[in-house]
$ cat data08.txt   # compact mmCIF, C-alpha atoms
# COMPACT_ATOMS: atom_id res chain seq x y z
CA MET A 199 -36.26 -5.09 3.66
CA SER A 200 -34.98 -8.04 1.61
CA LEU A 201 -31.29 -8.34 0.70
CA PHE A 202 -32.24 -7.71 -2.94
CA GLY A 203 -34.06 -4.56 -1.96
CA ALA A 204 -31.17 -3.44 0.21
CA LEU A 205 -28.79 -3.84 -2.72
CA LEU A 206 -31.10 -2.00 -5.10
CA GLN A 207 -31.03 1.13 -3.00
CA PHE A 208 -27.36 1.59 -3.85
CA TYR A 209 -28.09 2.01 -7.56
CA SER A 210 -29.25 5.26 -9.12
CA PRO A 211 -32.09 5.09 -11.65
CA VAL A 212 -29.49 5.58 -14.39
CA PHE A 213 -27.13 2.63 -14.65
CA SER A 214 -23.56 3.49 -13.68
CA GLN A 215 -20.45 1.49 -14.50
CA GLN A 216 -18.59 2.83 -11.48
CA ILE A 217 -19.63 1.37 -8.15
CA SER A 218 -21.13 3.76 -5.61
CA LYS A 219 -19.23 4.51 -2.43
CA GLU A 220 -22.16 3.21 -0.37
CA GLU A 221 -22.18 -0.14 -2.12
CA LEU A 222 -18.42 -0.52 -1.85
CA LEU A 223 -18.57 0.18 1.89
CA PHE A 224 -21.38 -2.36 2.16
CA LEU A 225 -19.35 -5.06 0.38
CA THR A 226 -16.08 -4.49 2.32
CA PRO A 227 -17.16 -4.17 5.97
CA GLU A 228 -14.16 -6.01 7.42
CA TRP A 229 -11.71 -3.39 6.21
CA LYS A 230 -11.32 -0.80 9.00
CA GLY A 231 -8.42 1.18 7.57
CA GLU A 232 -7.95 4.09 5.18
CA ARG A 233 -10.00 4.35 1.99
CA PHE A 234 -9.87 6.30 -1.24
CA PRO A 235 -12.53 9.02 -1.64
CA ASP A 236 -14.69 6.59 -3.64
CA GLY A 237 -14.62 4.04 -0.80
CA ARG A 238 -12.03 1.66 -2.22
CA PRO A 239 -9.86 0.16 0.56
CA LYS A 240 -6.37 1.70 0.64
CA VAL A 241 -3.83 -0.70 2.09
CA SER A 242 -0.75 1.29 3.13
CA ASP A 243 2.31 1.70 0.94
CA ALA A 244 4.41 0.27 3.79
CA LEU A 245 2.44 -3.00 3.76
CA LEU A 246 2.62 -3.17 -0.04
CA LYS A 247 6.41 -2.83 0.16
CA ARG A 248 6.64 -5.67 2.68
CA MET A 249 4.28 -7.79 0.54
CA ARG A 250 6.86 -7.99 -2.25
CA LEU A 251 8.75 -10.75 -0.39
CA VAL A 252 5.65 -12.86 0.34
CA THR A 253 5.29 -16.15 -1.56
CA HIS A 254 2.06 -17.65 -2.88
CA GLU A 255 2.44 -20.55 -0.44
CA GLU A 256 2.58 -18.22 2.55
CA ALA A 257 -0.38 -16.14 1.40
CA TRP A 258 -2.41 -19.24 0.49
CA ALA A 259 -1.87 -20.85 3.89
CA VAL A 260 -3.06 -17.78 5.79
CA MET A 261 -6.14 -17.26 3.61
CA LYS A 262 -7.10 -20.92 3.66
CA GLY A 263 -6.99 -20.76 7.45
CA GLU A 264 -9.44 -17.84 7.26
CA ASN A 265 -11.74 -19.84 4.89
CA TYR A 266 -10.80 -17.87 1.76
CA LYS A 267 -10.33 -20.78 -0.63
CA PHE A 268 -10.54 -19.14 -4.05
CA GLN A 269 -7.89 -16.40 -4.15
CA TYR A 270 -5.25 -17.94 -6.46
CA ALA A 271 -5.22 -17.75 -10.27
CA GLU A 272 -2.70 -19.57 -12.48
CA GLY A 273 -1.99 -20.35 -16.12
CA TRP A 274 -0.79 -16.90 -17.22
CA GLN A 275 1.56 -15.55 -19.83
CA CYS A 276 3.81 -12.88 -18.34
CA ILE A 277 5.73 -9.73 -19.11
CA ASN A 278 8.81 -9.47 -16.86
CA PRO A 279 8.20 -12.94 -15.38
CA ASP A 280 11.14 -12.68 -12.96
CA SER A 281 9.73 -9.55 -11.32
CA VAL A 282 7.03 -9.19 -8.67
CA LEU A 283 3.74 -7.32 -9.14
CA VAL A 284 2.19 -5.84 -5.99
CA GLY A 285 -0.55 -3.24 -5.70
CA ARG A 286 -4.18 -2.41 -4.99
CA ALA A 287 -6.73 -3.74 -7.46
CA LEU A 288 -8.74 -1.34 -9.59
CA THR A 289 -11.21 -3.60 -11.39
CA ALA A 290 -12.99 -3.40 -14.73
CA THR A 291 -15.41 -5.84 -16.36
CA PHE A 292 -16.05 -6.02 -20.08
CA MET A 293 -18.60 -8.18 -21.88
CA PRO A 294 -19.03 -9.09 -25.55
CA GLY A 295 -20.19 -6.02 -27.42
CA ARG A 296 -23.92 -5.31 -27.54
CA PRO A 297 -24.96 -2.19 -29.50
CA ASP A 298 -28.02 -1.10 -27.50
CA VAL A 299 -26.26 -1.37 -24.14
CA HIS A 300 -23.08 0.17 -25.54
CA ARG A 301 -24.95 3.22 -26.84
CA VAL A 302 -26.60 4.11 -23.54
CA ILE A 303 -23.38 3.58 -21.60
CA ASP A 304 -21.53 5.82 -24.05
CA LYS A 305 -24.27 8.45 -23.84
CA LYS A 306 -24.23 8.56 -20.06
CA GLY A 307 -20.44 8.52 -19.91
CA HIS A 308 -20.11 11.39 -22.34
CA GLU A 309 -23.05 13.56 -21.27
CA LYS A 310 -23.40 13.00 -17.53
CA ASP A 311 -19.95 11.86 -16.42
CA GLY A 312 -17.95 14.05 -18.80
CA ARG A 313 -15.94 11.20 -20.29
CA ILE A 314 -14.66 12.07 -23.74
CA LYS A 315 -12.58 8.98 -24.57
CA SER A 316 -13.61 5.47 -25.58
CA GLN A 317 -14.84 3.11 -22.89
CA ASN A 318 -11.64 1.09 -22.61
CA ALA A 319 -9.83 4.22 -21.38
CA TRP A 320 -12.33 5.12 -18.64
CA PRO A 321 -10.96 2.84 -15.89
CA ILE A 322 -7.37 3.67 -16.86
CA ASP A 323 -8.04 7.36 -16.24
CA MET A 324 -8.92 6.47 -12.63
CA LEU A 325 -5.63 4.72 -11.82
CA VAL A 326 -3.33 6.16 -9.15
CA ARG A 327 0.14 5.25 -7.96
CA GLY A 328 0.25 1.77 -6.46
CA ASP A 329 -2.81 0.45 -8.33
CA VAL A 330 -2.92 -2.69 -10.45
CA TYR A 331 -5.41 -2.67 -13.33
CA VAL A 332 -7.38 -5.94 -13.01
CA VAL A 333 -9.59 -6.65 -16.02
CA ASP A 334 -12.12 -9.36 -16.83
CA GLN A 335 -12.03 -9.29 -20.63
CA PHE A 336 -14.02 -12.58 -20.78
CA GLY A 337 -11.01 -14.37 -22.29
CA ALA A 338 -11.40 -12.48 -25.59
CA HIS A 339 -8.67 -13.37 -28.09
CA GLU A 340 -9.00 -12.40 -31.76
CA ASN A 341 -10.42 -8.87 -32.07
CA GLY A 342 -10.43 -8.72 -28.29
CA PRO A 343 -7.33 -6.81 -27.10
CA THR A 344 -8.14 -3.45 -25.50
CA ILE A 345 -4.57 -2.92 -24.25
CA GLY A 346 -1.52 -2.28 -26.43
CA ASP A 347 1.62 -0.26 -25.93
CA ASN A 348 -0.16 3.14 -25.93
CA LEU A 349 -2.55 2.27 -23.10
CA GLY A 350 0.22 0.23 -21.47
CA ASN A 351 2.38 3.35 -21.21
CA SER A 352 -0.56 5.29 -19.78
CA ILE A 353 -1.25 2.56 -17.21
CA TYR A 354 2.37 2.49 -16.13
CA ALA A 355 2.65 6.29 -15.96
CA LYS A 356 -0.38 6.51 -13.67
CA SER A 357 0.13 3.44 -11.47
CA GLY A 358 3.81 2.48 -11.68
CA ASN A 359 2.51 -1.06 -12.16
CA GLY A 360 1.28 -3.51 -14.75
CA ILE A 361 -1.95 -5.44 -15.27
CA VAL A 362 -3.81 -8.67 -14.61
CA TYR A 363 -5.81 -9.20 -17.77
CA GLU A 364 -8.31 -12.01 -18.41
CA GLY A 365 -7.94 -11.85 -22.18
CA ALA A 366 -5.51 -11.08 -25.00
CA ILE A 367 -3.17 -8.11 -25.28
CA ARG A 368 -1.49 -6.66 -28.38
CA ASP A 369 1.77 -4.74 -29.12
CA ILE A 370 3.62 -7.13 -26.86
CA ALA A 371 7.04 -6.01 -28.10
CA GLY A 372 6.23 -2.43 -27.14
CA LEU A 373 4.84 -3.47 -23.76
CA LYS A 374 8.07 -5.35 -22.99
CA GLU A 375 9.96 -2.10 -23.48
CA ILE A 376 8.18 -0.59 -20.44
CA GLY A 377 10.70 -1.67 -17.83
CA GLY A 378 8.45 -2.01 -14.80
CA PHE A 379 5.34 -3.23 -16.59
CA THR A 380 5.17 -6.60 -14.84
CA SER A 381 1.93 -8.09 -16.15
CA PHE A 382 -0.15 -11.25 -16.36
CA PHE A 383 -2.39 -11.97 -19.37
CA ARG A 384 -4.05 -14.96 -21.03
CA SER A 385 -2.93 -14.64 -24.65
CA TYR A 386 -1.47 -12.42 -27.34
CA HIS A 387 -3.08 -11.42 -30.64
CA PRO A 388 -2.09 -8.66 -33.10
CA SER A 389 -5.72 -7.61 -33.69
CA HIS A 390 -7.54 -5.03 -31.60
CA HIS A 391 -11.03 -4.54 -30.23
CA LEU A 392 -13.53 -2.30 -32.02
CA ASN A 393 -16.09 -0.25 -30.17
CA ASN A 394 -18.44 1.21 -32.77
CA PRO A 395 -22.05 0.32 -31.88
CA ASP A 396 -23.09 1.22 -35.42
CA GLY A 397 -20.43 -0.97 -37.00
CA GLU A 398 -17.78 -3.33 -35.64
CA LEU A 399 -18.32 -3.80 -31.90
CA ASN A 400 -16.36 -6.37 -29.90
CA THR A 401 -16.51 -5.22 -26.27
CA THR A 402 -18.70 -3.21 -23.91
CA LEU A 403 -17.56 -1.94 -20.51
CA VAL A 404 -20.18 -2.86 -17.91
CA ALA A 405 -18.49 -2.25 -14.55
CA ILE A 406 -15.70 -0.26 -12.91
CA ASN A 407 -14.60 -1.17 -9.38
CA HIS A 408 -17.38 -3.70 -8.96
CA PRO A 409 -16.57 -7.28 -7.89
CA THR A 410 -15.15 -9.07 -10.91
CA ARG A 411 -13.96 -12.59 -11.76
CA ILE A 412 -10.40 -13.51 -12.66
CA GLY A 413 -9.96 -17.23 -13.21
CA LYS A 414 -11.78 -18.79 -10.27
CA VAL A 415 -11.30 -15.76 -8.03
CA MET A 416 -13.82 -13.10 -7.04
CA VAL A 417 -11.68 -9.97 -7.03
CA MET A 418 -12.80 -6.94 -5.06
CA PRO A 419 -11.59 -3.39 -5.70
CA GLY A 420 -8.83 -2.69 -3.19
CA ASP A 421 -7.71 -6.32 -2.93
CA VAL A 422 -3.93 -6.59 -2.78
CA VAL A 423 -2.54 -8.18 -5.94
CA LEU A 424 0.51 -10.44 -5.56
CA GLY A 425 1.82 -11.56 -8.94
CA ARG A 426 4.96 -13.66 -9.11
CA ASP A 427 6.32 -16.98 -10.32
CA GLY A 428 3.73 -17.23 -13.08
CA ALA A 429 0.66 -16.90 -10.84
CA VAL A 430 -1.46 -14.26 -9.11
CA THR A 431 -2.93 -14.21 -5.61
CA PHE A 432 -5.60 -11.71 -4.57
CA ILE A 433 -5.51 -10.88 -0.85
CA PRO A 434 -8.50 -9.24 0.89
CA PRO A 435 -7.37 -5.94 2.46
CA HIS A 436 -8.27 -6.96 6.00
CA LEU A 437 -6.00 -10.02 5.73
CA THR A 438 -3.01 -8.22 4.25
CA GLU A 439 -1.20 -7.47 7.51
CA LYS A 440 -1.67 -11.03 8.75
CA VAL A 441 -0.32 -12.43 5.48
CA VAL A 442 2.73 -10.15 5.57
CA THR A 443 3.49 -10.72 9.26
CA THR A 444 3.11 -14.50 8.96
CA SER A 445 5.41 -14.51 5.94
CA GLU A 446 8.07 -12.53 7.78
CA ILE A 447 7.98 -14.83 10.80
CA VAL A 448 8.23 -17.91 8.58
CA ARG A 449 11.14 -16.32 6.70
CA LEU A 450 13.02 -15.55 9.91
CA ARG A 451 12.41 -18.97 11.40
CA ASP A 452 13.63 -20.62 8.19
CA MET A 453 16.81 -18.52 8.19
CA PHE A 454 17.50 -19.41 11.81
CA GLY A 455 16.70 -23.09 11.31
CA HIS A 456 18.89 -23.43 8.22
CA GLU A 457 21.80 -21.71 9.97
CA ARG A 458 21.56 -23.94 13.01
CA LEU A 459 21.32 -27.05 10.80
CA ARG A 460 24.49 -26.05 8.95
CA GLN A 461 26.17 -25.57 12.32
CA GLN A 462 24.83 -29.01 13.35
CA LYS A 463 23.56 -27.50 16.58
CA TYR A 464 20.16 -29.17 16.08
CA THR A 465 18.99 -32.15 14.09
CA ALA A 466 16.57 -31.93 11.16
CA GLY A 467 13.97 -33.66 13.32
CA GLN A 468 14.26 -30.97 15.99
CA ILE A 469 13.88 -28.15 13.48
CA ASP A 470 11.05 -29.80 11.51
CA ASN A 471 8.95 -30.48 14.60
CA ARG A 472 7.47 -28.13 17.17
CA TRP A 473 10.36 -26.25 18.70
CA THR A 474 11.25 -26.80 22.33
CA PRO A 475 11.43 -23.84 24.74
CA GLU A 476 15.22 -24.04 24.46
CA ILE A 477 15.14 -23.61 20.67
CA GLU A 478 12.59 -20.81 20.95
CA LYS A 479 14.87 -19.00 23.41
CA ASP A 480 17.81 -19.50 21.06
CA PHE A 481 15.70 -18.07 18.22
CA SER A 482 14.84 -14.93 20.23
CA GLN A 483 18.51 -14.40 21.07
CA TRP A 484 19.41 -14.91 17.40
CA LEU A 485 16.86 -12.30 16.34
CA ASN A 486 18.31 -9.77 18.79
CA ALA A 487 21.86 -10.49 17.66
CA HIS A 488 21.06 -10.14 13.93
CA ILE A 489 18.28 -7.55 14.03
CA ASN A 490 20.11 -5.11 11.72
CA GLU A 491 21.04 -7.77 9.16
CA LEU A 492 17.72 -9.50 8.51
CA PRO A 493 15.42 -9.02 5.48
CA VAL A 494 12.53 -7.87 7.69
CA PRO A 495 12.10 -4.29 8.97
CA LYS A 496 13.79 -3.79 12.34
CA GLU A 497 10.59 -2.33 13.76
CA GLN A 498 8.63 -5.46 12.86
CA ILE A 499 11.19 -7.73 14.54
CA GLN A 500 11.09 -5.61 17.69
CA GLU A 501 7.29 -5.82 17.70
CA TYR A 502 7.49 -9.59 17.28
CA LEU A 503 9.99 -9.93 20.13
CA LYS A 504 7.70 -7.97 22.48
CA LYS A 505 5.12 -10.73 22.19
CA ARG A 506 7.53 -13.58 22.96
CA THR A 507 8.04 -15.02 26.43
CA TRP A 508 11.47 -16.49 25.77

$ encode --input "data08.txt" --output "structure tokens"
Amino acid sequence: MSLFGALLQFYSPVFSQQISKEELLFLTPEWKGERFPDGRPKVSDALLKRMRLVTHEEAWAVMKGENYKFQYAEGWQCINPDSVLVGRALTATFMPGRPDVHRVIDKKGHEKDGRIKSQNAWPIDMLVRGDVYVVDQFGAHENGPTIGDNLGNSIYAKSGNGIVYEGAIRDIAGLKEIGGFTSFFRSYHPSHHLNNPDGELNTTLVAINHPTRIGKVMVMPGDVVLGRDGAVTFIPPHLTEKVVTTSEIVRLRDMFGHERLRQQKYTAGQIDNRWTPEIEKDFSQWLNAHINELPVPKEQIQEYLKKRTW
């Protein structure tokens, strides 16, 4: 069977916005951990908590080493720009409104899937705690916003998180009042989208939890979203632990190196270059001596020390 034929077997005869579990499993074979009932990878809450201290540089270096070169998106406007956004991606893709397509999607959503709201609310109803709503709104600006303070409050109530939104939002003053709604969006406009296929129609929802595009990134449902410092990185689930662990080791080595430089025990050249066995031994002893004071879980430091020979 051809690849095209293999992919076709995942689709029912009636088009569905929501990806099938079989297709999602097919597209994410490297994730071996827990999944949601619909097949979306479920990175653990513990890893998400540790991810909050990871920088874009640390994540980028790990993913580049694994040949993932297009995982970073920049150029955003932000709500709560000094906060960090971390969570599992739930994706949605909108396209410019097209009446014929919009009508059949509405009909199926209302009659077969039991959806009673407008299309822009369908993905939001699926959010759970720890999700980040990641939306390709095709950069729509005037008459494009599908998210204002009403849906923003619903998103935050369900997920405890904000959004990554490839388009314009509205009601920005109201959204800023939602304390933890750390969000990344392209623009602001006071207008709103219209979804009447027999009148004004600006957007049509074509996919939920399918691969989508944000900036130059292909985002998969279940990717870990890291939003901070004005940019967003999307981390494949199977690389999350490596990104977090690498970040923690770098953080600890930097703390040790800076302390020893202030003490003038080593020169900058010694710390900047490959460490000698003597420095590595000193580092292990330092970790043991400060294990309860460091910004990395004690259990992770103990696991790291088990693998060291110094």

$ closest_residue --input "data08.txt" --among "A:Phe454, A:Phe268, A:Trp258, A:Phe383" --to "Val415 (chain A)" --atoms "all atoms listed in the file"
A:Phe268

$ residues_around --input "data08.txt" --residues "Gln216 (chain A)" --least-positions-apart "5" --cutoff "7 Å" --atoms "all atoms listed in the file" --output "ChimeraX atom specification"
/A:405-407

$ closest_residue --input "data08.txt" --among "A:Asn486, A:Asn359, A:Ile469, A:Val299" --to "Pro395 (chain A)" --atoms "all atoms listed in the file"
A:Val299

$ atom_distance --input "data08.txt" --atom1 "CA of Asn318 (chain A)" --atom2 "CA of Leu246 (chain A)"
27.0 Å

$ closest_residue --input "data08.txt" --among "A:Asp480, A:Glu364, A:Asp396, A:Glu497" --to "Ala271 (chain A)" --atoms "only C-alpha atoms"
A:Glu364

$ residues_around --input "data08.txt" --residues "region 315-317 of chain A" --least-positions-apart "6" --cutoff "10 Å" --atoms "all atoms listed in the file" --output "ChimeraX atom specification"
/A:292,300,303-304,307-308,323,344,393-394,401-404

$ axis_aligned_box --input "data08.txt" --around "region 380-397 of chain A" --padding-each-side "5 Å" --output "lines of an AutoDock Vina configuration file"
center_x = -9.0
center_y = -6.9
center_z = -25.9
size_x = 38.3
size_y = 26.2
size_z = 32.2

$ atom_distance --input "data08.txt" --atom1 "CA of Arg426 (chain A)" --atom2 "CA of Ala355 (chain A)"
21.2 Å

$ closest_residue --input "data08.txt" --among "A:Met324, A:Ala287, A:Ile499, A:Ala319" --to "Thr444 (chain A)" --atoms "all atoms listed in the file"
A:Ile499

$ atom_distance --input "data08.txt" --atom1 "CA of Lys356 (chain A)" --atom2 "CA of Arg327 (chain A)"
5.9 Å

$ closest_residue --input "data08.txt" --among "A:Val326, A:Ile412, A:Val430, A:Val260" --to "Val282 (chain A)" --atoms "only C-alpha atoms"
A:Val430

$ closest_residue --input "data08.txt" --among "A:Thr474, A:Gln461, A:Gln335, A:Thr380" --to "Ala290 (chain A)" --atoms "only C-alpha atoms"
A:Gln335

$ closest_atom_pairs --input "data08.txt" --of "region 266-325 of chain A" --to "region 228-243 of chain A" --cutoff "9 Å" --atoms "all atoms listed in the file" --output "Markdown table"
| residue | atom | partner | partner_atom | distance |
| --- | --- | --- | --- | --- |
| A:Gly285 | CA | A:Asp243 | CA | 8.8 |
| A:Arg286 | CA | A:Val241 | CA | 7.3 |
| A:Leu288 | CA | A:Arg238 | CA | 8.6 |

$ residues_near_point --input "data08.txt" --point "(-16.9, -3.3, 0.0)" --cutoff "8 Å" --atoms "all atoms listed in the file" --output "list in words"
Glu221, Leu222, Leu223, Phe224, Leu225, Thr226, Pro227, Gly237, Arg238, Pro239, Met418 and Pro419 of chain A

$ write_last_selection --input "data08.txt" --atoms "C-alpha atoms" --output "PDB file, keeping the file's coordinate frame"
ATOM      1  CA  GLU A 221     -22.180  -0.140  -2.120  1.00  0.00           C
ATOM      2  CA  LEU A 222     -18.420  -0.520  -1.850  1.00  0.00           C
ATOM      3  CA  LEU A 223     -18.570   0.180   1.890  1.00  0.00           C
ATOM      4  CA  PHE A 224     -21.380  -2.360   2.160  1.00  0.00           C
ATOM      5  CA  LEU A 225     -19.350  -5.060   0.380  1.00  0.00           C
ATOM      6  CA  THR A 226     -16.080  -4.490   2.320  1.00  0.00           C
ATOM      7  CA  PRO A 227     -17.160  -4.170   5.970  1.00  0.00           C
ATOM      8  CA  GLY A 237     -14.620   4.040  -0.800  1.00  0.00           C
ATOM      9  CA  ARG A 238     -12.030   1.660  -2.220  1.00  0.00           C
ATOM     10  CA  PRO A 239      -9.860   0.160   0.560  1.00  0.00           C
ATOM     11  CA  MET A 418     -12.800  -6.940  -5.060  1.00  0.00           C
ATOM     12  CA  PRO A 419     -11.590  -3.390  -5.700  1.00  0.00           C
TER      13      PRO A 419
END

$ residues_around --input "data08.txt" --residues "region 275-280 of chain A" --least-positions-apart "3" --cutoff "9 Å" --atoms "only C-alpha atoms" --output "PyMOL selection string"
chain A and resi 360+370+373-374+377-386+426-428

$ residues_near_point --input "data08.txt" --point "(-10.8, -14.9, -17.4)" --cutoff "9 Å" --atoms "all atoms listed in the file" --output "list of chain:residue names"
A:Val333, A:Asp334, A:Gln335, A:Phe336, A:Gly337, A:Ala338, A:Tyr363, A:Glu364, A:Gly365, A:Arg384, A:Arg411, A:Ile412, A:Gly413, A:Lys414

$ write_last_selection --input "data08.txt" --atoms "C-alpha atoms" --output "PDB file, in the frame of the given file"
ATOM      1  CA  VAL A 333      -9.590  -6.650 -16.020  1.00  0.00           C
ATOM      2  CA  ASP A 334     -12.120  -9.360 -16.830  1.00  0.00           C
ATOM      3  CA  GLN A 335     -12.030  -9.290 -20.630  1.00  0.00           C
ATOM      4  CA  PHE A 336     -14.020 -12.580 -20.780  1.00  0.00           C
ATOM      5  CA  GLY A 337     -11.010 -14.370 -22.290  1.00  0.00           C
ATOM      6  CA  ALA A 338     -11.400 -12.480 -25.590  1.00  0.00           C
ATOM      7  CA  TYR A 363      -5.810  -9.200 -17.770  1.00  0.00           C
ATOM      8  CA  GLU A 364      -8.310 -12.010 -18.410  1.00  0.00           C
ATOM      9  CA  GLY A 365      -7.940 -11.850 -22.180  1.00  0.00           C
ATOM     10  CA  ARG A 384      -4.050 -14.960 -21.030  1.00  0.00           C
ATOM     11  CA  ARG A 411     -13.960 -12.590 -11.760  1.00  0.00           C
ATOM     12  CA  ILE A 412     -10.400 -13.510 -12.660  1.00  0.00           C
ATOM     13  CA  GLY A 413      -9.960 -17.230 -13.210  1.00  0.00           C
ATOM     14  CA  LYS A 414     -11.780 -18.790 -10.270  1.00  0.00           C
TER      15      LYS A 414
END

$ decode --input "data08.txt" --residues "region 312-335 of chain A" --atoms "N, CA and C atoms" --output "PDB file, in the first residue's frame"
ATOM      1  N   GLY A 312     -22.737  16.352  18.103  1.00  0.00           N
ATOM      2  CA  GLY A 312     -23.449  16.932  19.228  1.00  0.00           C
ATOM      3  C   GLY A 312     -22.930  18.278  19.687  1.00  0.00           C
ATOM      4  N   ARG A 313     -22.228  18.989  18.819  1.00  0.00           N
ATOM      5  CA  ARG A 313     -21.709  20.306  19.193  1.00  0.00           C
ATOM      6  C   ARG A 313     -22.816  21.344  18.957  1.00  0.00           C
ATOM      7  N   ILE A 314     -23.055  22.161  19.968  1.00  0.00           N
ATOM      8  CA  ILE A 314     -24.146  23.122  19.857  1.00  0.00           C
ATOM      9  C   ILE A 314     -23.641  24.558  19.755  1.00  0.00           C
ATOM     10  N   LYS A 315     -22.365  24.779  19.956  1.00  0.00           N
ATOM     11  CA  LYS A 315     -21.809  26.126  19.923  1.00  0.00           C
ATOM     12  C   LYS A 315     -21.240  26.430  18.541  1.00  0.00           C
ATOM     13  N   SER A 316     -20.714  27.652  18.381  1.00  0.00           N
ATOM     14  CA  SER A 316     -20.058  28.002  17.125  1.00  0.00           C
ATOM     15  C   SER A 316     -18.707  27.332  17.042  1.00  0.00           C
ATOM     16  N   GLN A 317     -18.168  27.234  15.831  1.00  0.00           N
ATOM     17  CA  GLN A 317     -16.953  26.458  15.596  1.00  0.00           C
ATOM     18  C   GLN A 317     -15.765  26.924  16.432  1.00  0.00           C
ATOM     19  N   ASN A 318     -15.629  28.217  16.679  1.00  0.00           N
ATOM     20  CA  ASN A 318     -14.456  28.690  17.395  1.00  0.00           C
ATOM     21  C   ASN A 318     -14.425  28.204  18.840  1.00  0.00           C
ATOM     22  N   ALA A 319     -15.561  27.714  19.357  1.00  0.00           N
ATOM     23  CA  ALA A 319     -15.596  27.196  20.727  1.00  0.00           C
ATOM     24  C   ALA A 319     -15.309  25.693  20.796  1.00  0.00           C
ATOM     25  N   TRP A 320     -15.386  24.987  19.668  1.00  0.00           N
ATOM     26  CA  TRP A 320     -15.233  23.532  19.705  1.00  0.00           C
ATOM     27  C   TRP A 320     -13.891  23.079  20.301  1.00  0.00           C
ATOM     28  N   PRO A 321     -12.754  23.601  19.830  1.00  0.00           N
ATOM     29  CA  PRO A 321     -11.493  23.146  20.428  1.00  0.00           C
ATOM     30  C   PRO A 321     -11.369  23.559  21.896  1.00  0.00           C
ATOM     31  N   ILE A 322     -11.911  24.720  22.244  1.00  0.00           N
ATOM     32  CA  ILE A 322     -11.800  25.206  23.621  1.00  0.00           C
ATOM     33  C   ILE A 322     -12.517  24.259  24.574  1.00  0.00           C
ATOM     34  N   ASP A 323     -13.627  23.688  24.140  1.00  0.00           N
ATOM     35  CA  ASP A 323     -14.358  22.741  24.979  1.00  0.00           C
ATOM     36  C   ASP A 323     -13.544  21.490  25.284  1.00  0.00           C
ATOM     37  N   MET A 324     -12.508  21.212  24.497  1.00  0.00           N
ATOM     38  CA  MET A 324     -11.698  20.010  24.680  1.00  0.00           C
ATOM     39  C   MET A 324     -10.514  20.228  25.613  1.00  0.00           C
ATOM     40  N   LEU A 325     -10.224  21.459  25.986  1.00  0.00           N
ATOM     41  CA  LEU A 325      -9.056  21.754  26.808  1.00  0.00           C
ATOM     42  C   LEU A 325      -9.172  21.120  28.193  1.00  0.00           C
ATOM     43  N   VAL A 326      -8.014  20.672  28.706  1.00  0.00           N
ATOM     44  CA  VAL A 326      -7.933  20.176  30.078  1.00  0.00           C
ATOM     45  C   VAL A 326      -6.760  20.867  30.766  1.00  0.00           C
ATOM     46  N   ARG A 327      -6.674  20.683  32.057  1.00  0.00           N
ATOM     47  CA  ARG A 327      -5.638  21.338  32.853  1.00  0.00           C
ATOM     48  C   ARG A 327      -4.252  21.013  32.295  1.00  0.00           C
ATOM     49  N   GLY A 328      -3.440  22.035  32.134  1.00  0.00           N
ATOM     50  CA  GLY A 328      -2.083  21.841  31.635  1.00  0.00           C
ATOM     51  C   GLY A 328      -1.944  21.989  30.136  1.00  0.00           C
ATOM     52  N   ASP A 329      -3.066  22.189  29.419  1.00  0.00           N
ATOM     53  CA  ASP A 329      -3.009  22.397  27.970  1.00  0.00           C
ATOM     54  C   ASP A 329      -2.648  23.840  27.636  1.00  0.00           C
ATOM     55  N   VAL A 330      -2.118  24.040  26.444  1.00  0.00           N
ATOM     56  CA  VAL A 330      -1.978  25.367  25.852  1.00  0.00           C
ATOM     57  C   VAL A 330      -2.707  25.333  24.519  1.00  0.00           C
ATOM     58  N   TYR A 331      -3.612  26.277  24.316  1.00  0.00           N
ATOM     59  CA  TYR A 331      -4.383  26.351  23.074  1.00  0.00           C
ATOM     60  C   TYR A 331      -3.503  27.004  22.008  1.00  0.00           C
ATOM     61  N   VAL A 332      -3.150  26.224  20.981  1.00  0.00           N
ATOM     62  CA  VAL A 332      -2.236  26.658  19.921  1.00  0.00           C
ATOM     63  C   VAL A 332      -3.033  26.747  18.624  1.00  0.00           C
ATOM     64  N   VAL A 333      -3.147  27.958  18.076  1.00  0.00           N
ATOM     65  CA  VAL A 333      -4.097  28.203  16.991  1.00  0.00           C
ATOM     66  C   VAL A 333      -3.415  28.832  15.781  1.00  0.00           C
ATOM     67  N   ASP A 334      -3.583  28.208  14.619  1.00  0.00           N
ATOM     68  CA  ASP A 334      -3.210  28.837  13.355  1.00  0.00           C
ATOM     69  C   ASP A 334      -4.439  29.561  12.822  1.00  0.00           C
ATOM     70  N   GLN A 335      -4.444  30.884  13.004  1.00  0.00           N
ATOM     71  CA  GLN A 335      -5.556  31.718  12.552  1.00  0.00           C
ATOM     72  C   GLN A 335      -5.146  32.474  11.291  1.00  0.00           C
TER      73      GLN A 335
END
